[in-house]
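Enquirer: Next up, entry.txt (compact mmCIF, C-alpha atoms).
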```
# COMPACT_ATOMS: atom_id res chain seq x y z
CA MET A 21 -1.70 6.10 -2.30
CA LYS A 22 1.30 5.79 0.01
CA LEU A 23 3.36 8.86 0.80
CA TYR A 24 7.06 8.85 1.47
CA GLU A 25 8.10 9.66 5.02
CA TYR A 26 9.31 13.14 4.11
CA GLU A 27 5.98 13.89 2.42
CA GLY A 28 4.03 12.70 5.43
CA LYS A 29 6.17 14.82 7.73
CA GLU A 30 5.50 17.88 5.60
CA LEU A 31 1.79 17.34 6.24
CA PHE A 32 2.57 16.99 9.95
CA ARG A 33 4.56 20.23 9.90
CA ARG A 34 1.65 22.07 8.29
CA GLY A 35 -0.64 20.65 10.96
CA GLY A 36 1.52 21.89 13.81
CA ILE A 37 2.81 18.45 14.81
CA PRO A 38 6.43 18.48 16.07
CA ILE A 39 8.90 16.70 13.77
CA PRO A 40 12.72 16.45 13.85
CA ARG A 41 14.77 19.12 12.08
CA GLY A 42 15.90 17.94 8.67
CA ARG A 43 15.36 17.83 4.92
CA VAL A 44 15.38 15.36 2.08
CA ALA A 45 18.46 14.89 -0.12
CA SER A 46 18.90 13.39 -3.58
CA THR A 47 22.72 13.39 -3.57
CA ALA A 48 25.48 12.72 -1.07
CA GLU A 49 26.59 16.36 -1.38
CA GLU A 50 23.11 17.56 -0.38
CA ALA A 51 23.23 15.20 2.60
CA TYR A 52 26.52 16.81 3.66
CA SER A 53 25.03 20.33 3.48
CA ILE A 54 21.91 19.39 5.44
CA ALA A 55 23.91 17.63 8.15
CA ALA A 56 26.19 20.68 8.43
CA GLU A 57 23.15 22.95 8.88
CA ILE A 58 21.74 20.69 11.61
CA GLY A 59 25.08 20.78 13.42
CA LYS A 60 24.73 17.60 15.46
CA GLU A 61 24.46 13.84 15.02
CA VAL A 62 21.99 12.90 12.30
CA VAL A 63 19.99 9.96 11.01
CA VAL A 64 20.17 9.07 7.30
CA LYS A 65 16.87 7.43 6.34
CA SER A 66 16.21 5.84 2.95
CA GLN A 67 12.93 6.93 1.42
CA ILE A 68 10.98 3.93 0.18
CA LEU A 69 7.31 3.01 0.40
CA GLN A 70 7.80 -0.37 2.04
CA GLY A 71 8.13 -0.94 5.77
CA GLY A 72 10.96 -2.54 7.70
CA ARG A 73 13.69 -0.17 6.49
CA GLY A 74 15.67 -0.36 9.71
CA LYS A 75 15.90 -4.16 9.75
CA ALA A 76 16.89 -4.12 6.05
CA GLY A 77 19.73 -1.67 6.62
CA GLY A 78 17.99 1.39 5.22
CA ILE A 79 18.54 3.64 8.26
CA LYS A 80 22.04 4.74 9.25
CA PHE A 81 23.53 7.16 11.79
CA ALA A 82 26.23 9.76 11.28
CA SER A 83 28.15 11.85 13.79
CA SER A 84 29.49 14.40 11.27
CA PRO A 85 28.59 15.92 7.89
CA GLU A 86 31.37 13.87 6.27
CA GLU A 87 29.95 10.68 7.69
CA ALA A 88 26.42 11.69 6.62
CA LYS A 89 27.75 12.16 3.08
CA ALA A 90 29.34 8.71 3.17
CA ARG A 91 26.22 7.01 4.56
CA ALA A 92 23.99 8.72 1.99
CA GLY A 93 26.36 7.64 -0.77
CA GLU A 94 26.06 4.05 0.42
CA LEU A 95 22.24 4.16 0.25
CA LEU A 96 21.45 6.28 -2.81
CA GLY A 97 21.07 4.26 -5.99
CA GLN A 98 20.92 0.96 -4.11
CA LYS A 99 17.94 -1.39 -3.98
CA LEU A 100 16.27 -1.89 -0.64
CA LYS A 101 13.81 -4.76 -0.78
CA THR A 102 12.35 -4.14 -4.26
CA GLU A 103 12.74 -0.36 -4.44
CA GLU A 104 15.61 1.80 -5.63
CA ILE A 105 16.60 4.46 -3.09
CA LYS A 106 16.43 7.80 -4.87
CA LYS A 107 16.19 10.06 -1.83
CA VAL A 108 17.31 10.04 1.78
CA LEU A 109 15.94 12.05 4.69
CA ILE A 110 18.62 13.70 6.84
CA GLU A 111 17.31 14.45 10.33
CA GLU A 112 18.67 15.35 13.72
CA LYS A 113 19.22 12.40 16.01
CA LEU A 114 16.72 12.63 18.85
CA ASP A 115 17.44 12.12 22.54
CA ILE A 116 14.92 9.33 23.02
CA ALA A 117 13.51 8.45 26.43
CA GLU A 118 10.47 6.45 25.24
CA GLU A 119 8.99 5.25 21.95
CA TRP A 120 5.19 5.31 21.62
CA TYR A 121 2.72 4.43 18.89
CA LEU A 122 -0.09 6.67 17.58
CA SER A 123 -2.34 6.28 14.56
CA PHE A 124 -5.70 6.98 12.98
CA THR A 125 -7.12 4.42 10.60
CA VAL A 126 -10.48 3.26 9.27
CA ASP A 127 -12.45 0.70 11.26
CA PRO A 128 -14.42 -1.22 8.58
CA ALA A 129 -16.67 -2.92 11.15
CA ALA A 130 -17.72 0.35 12.79
CA GLY A 131 -17.72 2.32 9.55
CA GLY A 132 -15.65 5.17 10.93
CA PRO A 133 -12.21 6.35 12.04
CA LEU A 134 -10.35 4.63 14.85
CA LEU A 135 -7.72 6.08 17.18
CA MET A 136 -4.98 3.69 18.33
CA VAL A 137 -2.30 4.72 20.82
CA SER A 138 0.19 2.77 22.88
CA ARG A 139 3.25 3.35 25.04
CA SER A 140 4.85 0.38 23.23
CA GLY A 141 6.04 1.86 19.96
CA GLY A 142 8.96 1.25 17.67
CA VAL A 143 7.82 -2.27 16.75
CA ASP A 144 5.07 -3.71 14.57
CA VAL A 145 1.69 -2.79 16.01
CA GLU A 146 0.45 -6.22 14.89
CA GLU A 147 2.96 -7.78 17.27
CA ILE A 148 1.71 -5.61 20.14
CA ALA A 149 -1.92 -6.44 19.34
CA LEU A 150 -1.14 -10.16 19.23
CA LYS A 151 0.98 -10.46 22.35
CA SER A 152 -0.24 -7.62 24.57
CA PRO A 153 -3.54 -6.18 23.29
CA GLU A 154 -4.18 -4.53 26.65
CA ARG A 155 -1.30 -2.14 25.91
CA ILE A 156 -3.20 -0.55 23.02
CA VAL A 157 -5.79 2.12 23.80
CA THR A 158 -8.47 2.65 21.17
CA GLU A 159 -11.26 5.17 20.62
CA LYS A 160 -13.97 4.78 17.98
CA ILE A 161 -14.73 8.11 16.34
CA ASN A 162 -18.06 9.32 15.01
CA ILE A 163 -17.33 10.44 11.45
CA PHE A 164 -19.82 13.31 11.72
CA TYR A 165 -18.49 14.74 14.99
CA GLY A 166 -14.81 13.85 14.59
CA LEU A 167 -12.42 13.16 17.45
CA MET A 168 -13.83 14.91 20.48
CA PRO A 169 -11.44 16.54 23.00
CA PHE A 170 -12.81 14.39 25.83
CA GLN A 171 -11.96 11.25 23.82
CA ALA A 172 -8.37 12.41 23.31
CA ARG A 173 -8.02 13.18 27.03
CA ARG A 174 -9.62 9.85 27.97
CA ALA A 175 -7.06 8.02 25.83
CA ALA A 176 -4.22 10.00 27.42
CA PHE A 177 -5.47 9.19 30.92
CA ALA A 178 -5.73 5.51 29.95
CA LEU A 179 -2.02 5.57 29.14
CA GLY A 180 -1.25 6.68 32.67
CA LEU A 181 -0.49 10.33 31.95
CA GLU A 182 -1.22 13.12 34.41
CA GLY A 183 -1.34 16.90 34.52
CA ASN A 184 -0.04 18.88 31.56
CA LYS A 185 1.05 15.75 29.74
CA VAL A 186 -2.59 14.77 29.26
CA SER A 187 -3.30 18.07 27.53
CA GLU A 188 -0.12 17.87 25.43
CA LEU A 189 -0.86 14.40 24.09
CA ALA A 190 -4.58 15.19 23.60
CA SER A 191 -3.64 18.28 21.59
CA LEU A 192 -1.29 16.20 19.44
CA MET A 193 -4.02 13.63 18.81
CA LEU A 194 -6.47 16.32 17.71
CA LYS A 195 -3.92 17.82 15.31
CA LEU A 196 -3.11 14.43 13.84
CA TYR A 197 -6.80 13.68 13.37
CA ARG A 198 -7.20 16.94 11.43
CA VAL A 199 -4.41 15.79 9.10
CA PHE A 200 -6.17 12.43 8.73
CA ARG A 201 -9.43 14.09 7.68
CA GLN A 202 -8.02 17.03 5.70
CA TYR A 203 -6.02 14.78 3.39
CA ASP A 204 -8.60 11.99 2.99
CA ALA A 205 -6.28 9.44 4.58
CA GLU A 206 -6.89 5.74 5.09
CA LEU A 207 -4.04 5.67 7.58
CA VAL A 208 -1.96 8.22 9.46
CA GLU A 209 0.61 6.51 11.65
CA VAL A 210 3.43 7.75 13.88
CA ASN A 211 5.71 4.90 14.91
CA PRO A 212 7.61 5.78 16.90
CA LEU A 213 6.11 8.81 18.55
CA VAL A 214 9.19 9.77 20.53
CA VAL A 215 9.14 11.13 24.05
CA THR A 216 12.45 12.96 24.50
CA SER A 217 14.44 13.12 27.73
CA GLU A 218 12.90 16.57 28.20
CA GLY A 219 9.38 15.11 27.93
CA GLU A 220 8.57 16.53 24.48
CA PHE A 221 6.47 14.56 21.99
CA ILE A 222 8.04 14.39 18.48
CA ALA A 223 6.85 12.43 15.44
CA ALA A 224 10.00 10.50 14.54
CA ASP A 225 8.33 8.74 11.61
CA ALA A 226 5.33 9.34 9.36
CA LYS A 227 3.27 6.81 7.45
CA VAL A 228 0.41 8.31 5.46
CA ILE A 229 -1.85 6.51 2.98
CA ILE A 230 -4.36 8.62 1.06
CA TYR A 231 -7.57 7.05 -0.21
CA ASP A 232 -7.17 6.61 -3.98
CA ASN A 233 -10.72 7.62 -4.82
CA ALA A 234 -10.19 10.96 -3.05
CA LEU A 235 -7.11 11.93 -5.04
CA TYR A 236 -9.22 14.22 -7.23
CA ARG A 237 -9.52 16.42 -4.13
CA GLN A 238 -5.84 16.15 -3.22
CA LYS A 239 -4.39 17.92 -6.24
CA GLU A 240 -0.83 18.11 -4.90
CA PHE A 241 -0.41 14.33 -4.96
CA VAL A 242 0.03 12.48 -8.25
CA LYS A 243 0.11 8.69 -8.26
CA GLY A 244 2.96 8.05 -10.66
CA PRO A 245 4.81 4.77 -11.34
CA GLU A 246 7.19 5.32 -8.41
CA ARG A 247 4.24 4.85 -6.03
CA PHE A 248 3.79 1.22 -7.09
CA GLU A 249 5.84 -1.81 -6.06
CA ASP A 250 5.46 -3.40 -9.51
CA GLU A 251 5.42 -1.79 -12.97
CA ARG A 252 2.44 -3.93 -13.97
CA GLU A 253 0.46 -2.56 -11.02
CA TYR A 254 0.99 0.95 -12.38
CA ARG A 255 -0.06 -0.05 -15.90
CA ALA A 256 -3.16 -1.76 -14.53
CA SER A 257 -4.11 1.37 -12.60
CA GLN A 258 -3.98 3.39 -15.82
CA TYR A 259 -6.63 1.09 -17.26
CA GLY A 260 -8.74 1.12 -14.09
CA LEU A 261 -7.83 -2.49 -13.26
CA SER A 262 -6.89 -3.95 -9.87
CA TYR A 263 -3.60 -5.89 -10.03
CA VAL A 264 -1.34 -7.24 -7.29
CA LYS A 265 1.78 -9.28 -8.02
CA LEU A 266 2.05 -12.59 -6.14
CA ASP A 267 4.79 -15.22 -6.02
CA GLY A 268 3.27 -18.08 -8.05
CA ASN A 269 3.22 -19.12 -11.71
CA ILE A 270 -0.51 -19.21 -12.59
CA GLY A 271 -1.67 -15.91 -14.07
CA VAL A 272 -5.21 -15.10 -12.95
CA LEU A 273 -7.88 -12.97 -14.66
CA CYS A 274 -11.31 -12.71 -13.03
CA THR A 275 -14.33 -10.45 -13.02
CA GLY A 276 -15.17 -9.20 -9.54
CA ALA A 277 -12.95 -9.06 -6.46
CA GLY A 278 -14.91 -11.78 -4.64
CA LEU A 279 -14.68 -14.17 -7.59
CA THR A 280 -10.97 -13.43 -7.87
CA MET A 281 -10.34 -14.22 -4.19
CA THR A 282 -12.34 -17.45 -4.49
CA THR A 283 -10.29 -18.44 -7.54
CA LEU A 284 -7.03 -17.77 -5.69
CA ASP A 285 -8.25 -19.97 -2.84
CA LEU A 286 -9.14 -22.77 -5.26
CA ILE A 287 -5.72 -22.61 -6.91
CA THR A 288 -4.06 -22.95 -3.51
CA TYR A 289 -6.48 -25.71 -2.48
CA TYR A 290 -5.58 -27.79 -5.53
CA GLY A 291 -1.86 -27.32 -4.94
CA GLY A 292 -1.08 -24.44 -7.27
CA ARG A 293 0.37 -20.96 -6.72
CA PRO A 294 -1.25 -17.85 -8.21
CA ALA A 295 1.08 -15.32 -9.84
CA ASN A 296 -1.22 -12.37 -9.33
CA PHE A 297 -4.54 -10.93 -8.26
CA LEU A 298 -6.23 -9.23 -11.22
CA GLU A 299 -9.85 -8.11 -11.26
CA PHE A 300 -10.98 -6.72 -14.62
CA GLY A 301 -14.72 -6.25 -14.14
CA GLY A 302 -16.38 -3.74 -16.45
CA ALA A 303 -18.68 -3.59 -19.43
CA THR A 304 -16.07 -2.90 -22.14
CA TYR A 305 -14.17 -5.57 -24.03
CA LYS A 306 -10.97 -3.53 -23.77
CA ASN A 307 -10.78 -4.36 -20.05
CA SER A 308 -10.25 -8.04 -20.82
CA TYR A 309 -7.74 -7.16 -23.56
CA TYR A 310 -5.61 -5.03 -21.21
CA ALA A 311 -5.92 -7.59 -18.41
CA LEU A 312 -4.55 -10.42 -20.54
CA GLU A 313 -1.80 -8.18 -21.89
CA ILE A 314 -0.63 -7.34 -18.34
CA VAL A 315 -0.68 -10.95 -17.11
CA LEU A 316 1.21 -12.22 -20.16
CA SER A 317 3.94 -9.62 -19.57
CA ASP A 318 4.90 -11.40 -16.32
CA PRO A 319 7.79 -13.84 -17.04
CA ASP A 320 6.82 -15.92 -13.99
CA VAL A 321 3.49 -16.91 -15.56
CA LYS A 322 3.51 -20.47 -16.98
CA VAL A 323 -0.24 -20.76 -17.57
CA VAL A 324 -3.12 -18.28 -17.64
CA LEU A 325 -6.40 -19.02 -15.86
CA ILE A 326 -9.46 -16.97 -16.82
CA ASN A 327 -12.58 -17.19 -14.68
CA THR A 328 -15.51 -14.84 -15.35
CA PHE A 329 -19.17 -14.61 -14.55
CA GLY A 330 -20.67 -11.96 -16.79
CA LEU A 331 -23.87 -10.19 -15.82
CA VAL A 332 -23.60 -6.44 -16.45
CA ALA A 333 -20.23 -7.21 -18.01
CA ARG A 334 -21.57 -9.67 -20.57
CA ALA A 335 -19.65 -12.89 -21.23
CA ASP A 336 -19.73 -12.36 -25.01
CA VAL A 337 -18.33 -8.83 -24.70
CA ILE A 338 -15.55 -10.07 -22.42
CA SER A 339 -14.76 -12.82 -24.93
CA GLU A 340 -14.42 -10.29 -27.76
CA GLY A 341 -11.60 -8.60 -25.87
CA LEU A 342 -9.95 -11.89 -24.97
CA ALA A 343 -10.10 -13.14 -28.57
CA GLN A 344 -8.56 -9.91 -29.85
CA ALA A 345 -5.81 -10.09 -27.23
CA ILE A 346 -4.99 -13.71 -28.06
CA GLU A 347 -4.91 -12.93 -31.80
CA GLU A 348 -2.61 -9.93 -31.40
CA LEU A 349 -0.41 -10.98 -28.48
CA LYS A 350 0.04 -14.61 -29.59
CA PRO A 351 0.64 -15.99 -26.07
CA LYS A 352 3.30 -18.67 -25.70
CA VAL A 353 1.77 -20.11 -22.52
CA PRO A 354 -1.42 -22.22 -22.33
CA ILE A 355 -4.71 -20.52 -21.47
CA VAL A 356 -7.44 -22.21 -19.42
CA ALA A 357 -10.83 -20.51 -19.21
CA SER A 358 -14.24 -20.84 -17.60
CA ILE A 359 -16.55 -18.10 -18.87
CA ARG A 360 -20.16 -18.05 -17.75
CA GLY A 361 -23.10 -15.69 -17.46
CA THR A 362 -25.08 -13.49 -19.83
CA GLY A 363 -24.12 -14.27 -23.44
CA GLU A 364 -22.30 -17.44 -22.44
CA GLU A 365 -23.14 -19.41 -25.60
CA GLU A 366 -22.04 -16.57 -27.86
CA ALA A 367 -18.85 -16.23 -25.81
CA ARG A 368 -18.09 -19.91 -26.35
CA LYS A 369 -18.55 -19.55 -30.13
CA ILE A 370 -16.30 -16.47 -30.28
CA LEU A 371 -13.39 -18.07 -28.46
CA GLU A 372 -13.66 -21.52 -30.04
CA SER A 373 -14.07 -20.29 -33.61
CA ARG A 374 -11.62 -17.38 -33.57
CA VAL A 375 -8.76 -18.64 -31.40
CA GLY A 376 -9.54 -22.31 -30.78
CA LEU A 377 -9.89 -21.87 -27.02
CA LYS A 378 -12.04 -24.59 -25.47
CA LEU A 379 -13.93 -23.43 -22.37
CA PHE A 380 -14.29 -25.50 -19.22
CA PRO A 381 -17.83 -26.00 -17.85
CA ASN A 382 -16.98 -24.90 -14.30
CA VAL A 383 -14.22 -23.22 -12.38
CA GLU A 384 -13.14 -26.29 -10.40
CA THR A 385 -12.15 -28.28 -13.50
CA ALA A 386 -10.52 -25.18 -15.00
CA VAL A 387 -8.43 -24.62 -11.88
CA GLN A 388 -7.38 -28.27 -11.73
CA GLU A 389 -6.24 -28.14 -15.35
CA ALA A 390 -4.33 -24.87 -14.77
CA VAL A 391 -2.55 -26.38 -11.75
CA ARG A 392 -1.68 -29.49 -13.77
CA LEU A 393 -0.24 -27.44 -16.64
CA ALA A 394 1.70 -25.18 -14.30
CA GLY A 395 3.24 -28.17 -12.56
CA ALA A 396 4.18 -29.77 -15.85
CA SER A 397 5.89 -26.69 -17.29
```
Hey, can you dump this file as structure tokens for me?

Expert:
Amino acid sequence: MKLYEYEGKELFRRGGIPIPRGRVASTAEEAYSIAAEIGKEVVVKSQILQGGRGKAGGIKFASSPEEAKARAGELLGQKLKTEEIKKVLIEEKLDIAEEWYLSFTVDPAAGGPLLMVSRSGGVDVEEIALKSPERIVTEKINIFYGLMPFQARRAAFALGLEGNKVSELASLMLKLYRVFRQYDAELVEVNPLVVTSEGEFIAADAKVIIYDNALYRQKEFVKGPERFEDEREYRASQYGLSYVKLDGNIGVLCTGAGLTMTTLDLITYYGGRPANFLEFGGATYKNSYYALEIVLSDPDVKVVLINTFGLVARADVISEGLAQAIEELKPKVPIVASIRGTGEEEARKILESRVGLKLFPNVETAVQEAVRLAGAS
């Protein structure tokens, strides 16, 4: 679950991490009042969950409360990328000497947290890692011990700091790691971590992603529809399904994430373009019903491709849900299916007799047919 910048900064504030003075506003009048309270030049920052706001025109500067009101009025209610701007963060403009990068994330290979810090902030960390990996300092963290003070100091020394600055940055790292662990985060990122002309470290931005399966512990955060980039993603989450919108025209339904990824690769290999990732594994026929309903609601979909391999989730049970969905939803686009596994023969009978859907013997021929139909539509 992604947090908005202002929410992430509230967690930073609780953790004792320095942040710029400011508050969030929902109207231009509120932006005026906040800028007047700050009493200096401010930054007006659109609050969306996607990155790249600055390049897209979502961050503006104002030298007076009147100008802050005008800039907020320009942003509020507008669409930035695919999101409507409903709130803006009004903050003091910092006197920036340097922009650094600092984050904690999960290292899947090591099975534990990873500290990443660099004196090259303010740009995509992927770009730094690609062009100048030596400028990124990393520390692997033992999940049982947490970030040790000597590791934080070692990272600070590796950045070329000396004296009190080593202790200051190490202290900041330890505080940020406590936020990372306390809120069950997958990622806590500060980019840029500003060094002011007076040498003070301030978190000028906050990107926090909380692990979805830990939300039952994080009661203050509710994953509502505004947290999703696509309305269908939100609906899928309510059914316990995994859905991601893509830019193609072949709707995809598969059981199992690995099988889904393989199917997407096959579609691309044969010259097609998938419209979505949707994994609907599970032992209840309703999963397949909801999955087909969600895919058919996408106007970009010209053909639906179903690929399942039922073991625990039996093929005949899956087919019951698909047959019911086809009967009730009456899809206007062709459906291509390859359904195999436990109960495969019964699944074939259900779909052929009830809805006249002929199953393909393997996924390759099913994918080729889906690509052909999508290209012909």

Enquirer: Report as a JSON list (two decimals) with C-alpha atoms, keeping the file's coordinate frame all protein, DNA and RNA residues lying within 10 Å of A:Thr125, evaluated on all atoms listed in the file, omitting residues in the same chain fewer than 3 positions from it.

Expert:
```json
[["chain", "number", "residue", "atom", "x", "y", "z"],
["A", 128, "PRO", "CA", -14.42, -1.22, 8.58],
["A", 132, "GLY", "CA", -15.65, 5.17, 10.93],
["A", 133, "PRO", "CA", -12.21, 6.35, 12.04],
["A", 134, "LEU", "CA", -10.35, 4.63, 14.85],
["A", 135, "LEU", "CA", -7.72, 6.08, 17.18],
["A", 136, "MET", "CA", -4.98, 3.69, 18.33],
["A", 197, "TYR", "CA", -6.80, 13.68, 13.37],
["A", 200, "PHE", "CA", -6.17, 12.43, 8.73],
["A", 205, "ALA", "CA", -6.28, 9.44, 4.58],
["A", 206, "GLU", "CA", -6.89, 5.74, 5.09],
["A", 207, "LEU", "CA", -4.04, 5.67, 7.58],
["A", 208, "VAL", "CA", -1.96, 8.22, 9.46],
["A", 209, "GLU", "CA", 0.61, 6.51, 11.65],
["A", 228, "VAL", "CA", 0.41, 8.31, 5.46],
["A", 229, "ILE", "CA", -1.85, 6.51, 2.98]]
```

Enquirer: Show me a table, sorted first by chain and then by increasing residue number, of the residues of stretch 171-256 of chain A having an atom at most 12 Å from stretch 70-78 of chain A, each with its shortest atom pair and the distance in Å to one decimal, counting all atoms listed in the file and written as a tab-separated table.

Expert:
```
residue	atom	partner	partner_atom	distance
A:Asn211	CA	A:Gly71	CA	11.1
A:Asp225	CA	A:Gly71	CA	11.3
A:Ala226	CA	A:Gly71	CA	11.2
A:Lys227	CA	A:Gly71	CA	9.3
A:Val228	CA	A:Gln70	CA	11.9
A:Ile229	CA	A:Gln70	CA	11.9
A:Glu246	CA	A:Gln70	CA	11.9
A:Arg247	CA	A:Gln70	CA	10.2
A:Phe248	CA	A:Gln70	CA	10.1
A:Glu249	CA	A:Gln70	CA	8.5
```

Enquirer: Might you pull out every residue within 12 Å of stretch 176-187 of chain A, with all atoms listed in the file counted and same-chain residues fewer than 5 positions away left off, and present them as a PDB file with C-alpha atoms, keeping the file's coordinate frame?

Expert:
```pdb
ATOM      1  CA  TRP A 120       5.190   5.310  21.620  1.00  0.00           C
ATOM      2  CA  TYR A 121       2.720   4.430  18.890  1.00  0.00           C
ATOM      3  CA  LEU A 122      -0.090   6.670  17.580  1.00  0.00           C
ATOM      4  CA  LEU A 135      -7.720   6.080  17.180  1.00  0.00           C
ATOM      5  CA  MET A 136      -4.980   3.690  18.330  1.00  0.00           C
ATOM      6  CA  VAL A 137      -2.300   4.720  20.820  1.00  0.00           C
ATOM      7  CA  SER A 138       0.190   2.770  22.880  1.00  0.00           C
ATOM      8  CA  ARG A 139       3.250   3.350  25.040  1.00  0.00           C
ATOM      9  CA  SER A 140       4.850   0.380  23.230  1.00  0.00           C
ATOM     10  CA  GLU A 154      -4.180  -4.530  26.650  1.00  0.00           C
ATOM     11  CA  ARG A 155      -1.300  -2.140  25.910  1.00  0.00           C
ATOM     12  CA  ILE A 156      -3.200  -0.550  23.020  1.00  0.00           C
ATOM     13  CA  VAL A 157      -5.790   2.120  23.800  1.00  0.00           C
ATOM     14  CA  THR A 158      -8.470   2.650  21.170  1.00  0.00           C
ATOM     15  CA  GLU A 159     -11.260   5.170  20.620  1.00  0.00           C
ATOM     16  CA  PRO A 169     -11.440  16.540  23.000  1.00  0.00           C
ATOM     17  CA  PHE A 170     -12.810  14.390  25.830  1.00  0.00           C
ATOM     18  CA  GLN A 171     -11.960  11.250  23.820  1.00  0.00           C
ATOM     19  CA  LEU A 192      -1.290  16.200  19.440  1.00  0.00           C
ATOM     20  CA  MET A 193      -4.020  13.630  18.810  1.00  0.00           C
ATOM     21  CA  LEU A 194      -6.470  16.320  17.710  1.00  0.00           C
ATOM     22  CA  VAL A 215       9.140  11.130  24.050  1.00  0.00           C
ATOM     23  CA  GLU A 218      12.900  16.570  28.200  1.00  0.00           C
ATOM     24  CA  GLY A 219       9.380  15.110  27.930  1.00  0.00           C
ATOM     25  CA  GLU A 220       8.570  16.530  24.480  1.00  0.00           C
ATOM     26  CA  PHE A 221       6.470  14.560  21.990  1.00  0.00           C
TER      27      PHE A 221
END
```

Enquirer: How many Å separate atom CA of A:Leu371 from atom CA of A:Ala335?

Expert: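 Going from atom CA of A:Leu371 over to atom CA of A:Ala335 covers 10.9 Å.
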
Enquirer: Counting only C-alpha atoms, which residue out of A:Pro381, A:Pro351, A:Gly291, A:Pro38 sits closest to A:Arg368?

Expert: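 Using only C-alpha atoms, A:Arg368 sits closest to A:Pro381.
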
Enquirer: Please check which residues have atoms at most 10 Å from (6.3, 13.6, 4.2) in the file's coordinates, counting all atoms listed in the file, and write them as a ChimeraX atom specification.

Expert: /A:23-33,44,67,109,225-228

Enquirer: Can you tell me how far atom CA of A:Leu377 sits from atom CA of A:Ile326, in Å to one decimal?

Expert: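 Computing the Euclidean distance for atom CA of A:Leu377 and atom CA of A:Ile326 yields 11.3 Å.
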
Enquirer: Name the residues within 9 Å of (-19.9, -21.5, -12.6), counting only C-alpha atoms in the file's coordinates, and put them as an MDAnalysis selection string.

Expert: chainID A and resid 327:329 358:361 381:384

Enquirer: List every residue of stretch 213-259 of chain A that has an atom at most 12 Å from any atom of stretch 266-280 of chain A, giving for each one its closest atom pair and the distance in Å to one decimal, counting all atoms listed in the file, sorted by chain and then by ascending residue number, as a Markdown table.

Expert:
```
| residue | atom | partner | partner_atom | distance |
| --- | --- | --- | --- | --- |
| A:Glu249 | CA | A:Leu266 | CA | 11.4 |
| A:Asp250 | CA | A:Leu266 | CA | 10.4 |
| A:Arg252 | CA | A:Leu266 | CA | 11.7 |
| A:Glu253 | CA | A:Leu266 | CA | 11.3 |
```

Enquirer: Quick one: what's the axis-aligned box for stretch 143-157 of chain A, all listed atoms, 5 Å on every side, centre and edges in Å to one decimal, as JSON?

Expert:
```
{"center_x": 1.0, "center_y": -4.2, "center_z": 20.6, "size_x": 23.6, "size_y": 22.6, "size_z": 22.1}
```

Enquirer: Tell me, as a PyMOL selection string, which residues lie within 6 Å of stretch 260-264 of chain A, counting only C-alpha atoms; anything in the same chain fewer than 4 positions away does not count.

Expert: chain A and resi 253+256+296-300

Enquirer: Could you take the residues named above and write them with C-alpha atoms, as a compact mmCIF listing (two decimals), in the coordinates of the input?

Expert:
```
# COMPACT_ATOMS: atom_id res chain seq x y z
CA GLU A 253 0.46 -2.56 -11.02
CA ALA A 256 -3.16 -1.76 -14.53
CA ASN A 296 -1.22 -12.37 -9.33
CA PHE A 297 -4.54 -10.93 -8.26
CA LEU A 298 -6.23 -9.23 -11.22
CA GLU A 299 -9.85 -8.11 -11.26
CA PHE A 300 -10.98 -6.72 -14.62
```

Enquirer: Would you please work out which residue, of A:Glu340, A:Glu389, A:Asp127, A:Asp115, is nearest to A:Ala367 when using only C-alpha atoms?

Expert: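 Nearest to A:Ala367: A:Glu340.
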
Enquirer: Please report the interatomic distance between atom CA of A:Val315 and atom CA of A:Gln258 in Å with one decimal.

Expert: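 So the answer is 14.8 Å.
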
Enquirer: Could you check the closest approach to A:Arg334 for each of A:Ser152, A:Thr362, A:Ser83, A:Thr282 and tell me which residue wins, using all atoms listed in the file?

Expert: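 With all atoms listed in the file as the atom set, the closest residue is A:Thr362.
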
Enquirer: Would you list the contacts of A:Val64 as a list in words, taking every protein, DNA or RNA residue within 9 Å and counting all atoms listed in the file, but skipping same-chain residues closer than 2 positions in sequence?

Expert: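 So, after excluding close chain neighbours, the residues are Ala51, Val62, Ser66, Gly78, Ile79, Lys80, Phe81, Ala82, Ala88, Arg91, Ala92, Leu95, Val108, Leu109, Ile110 and Glu111 of chain A.
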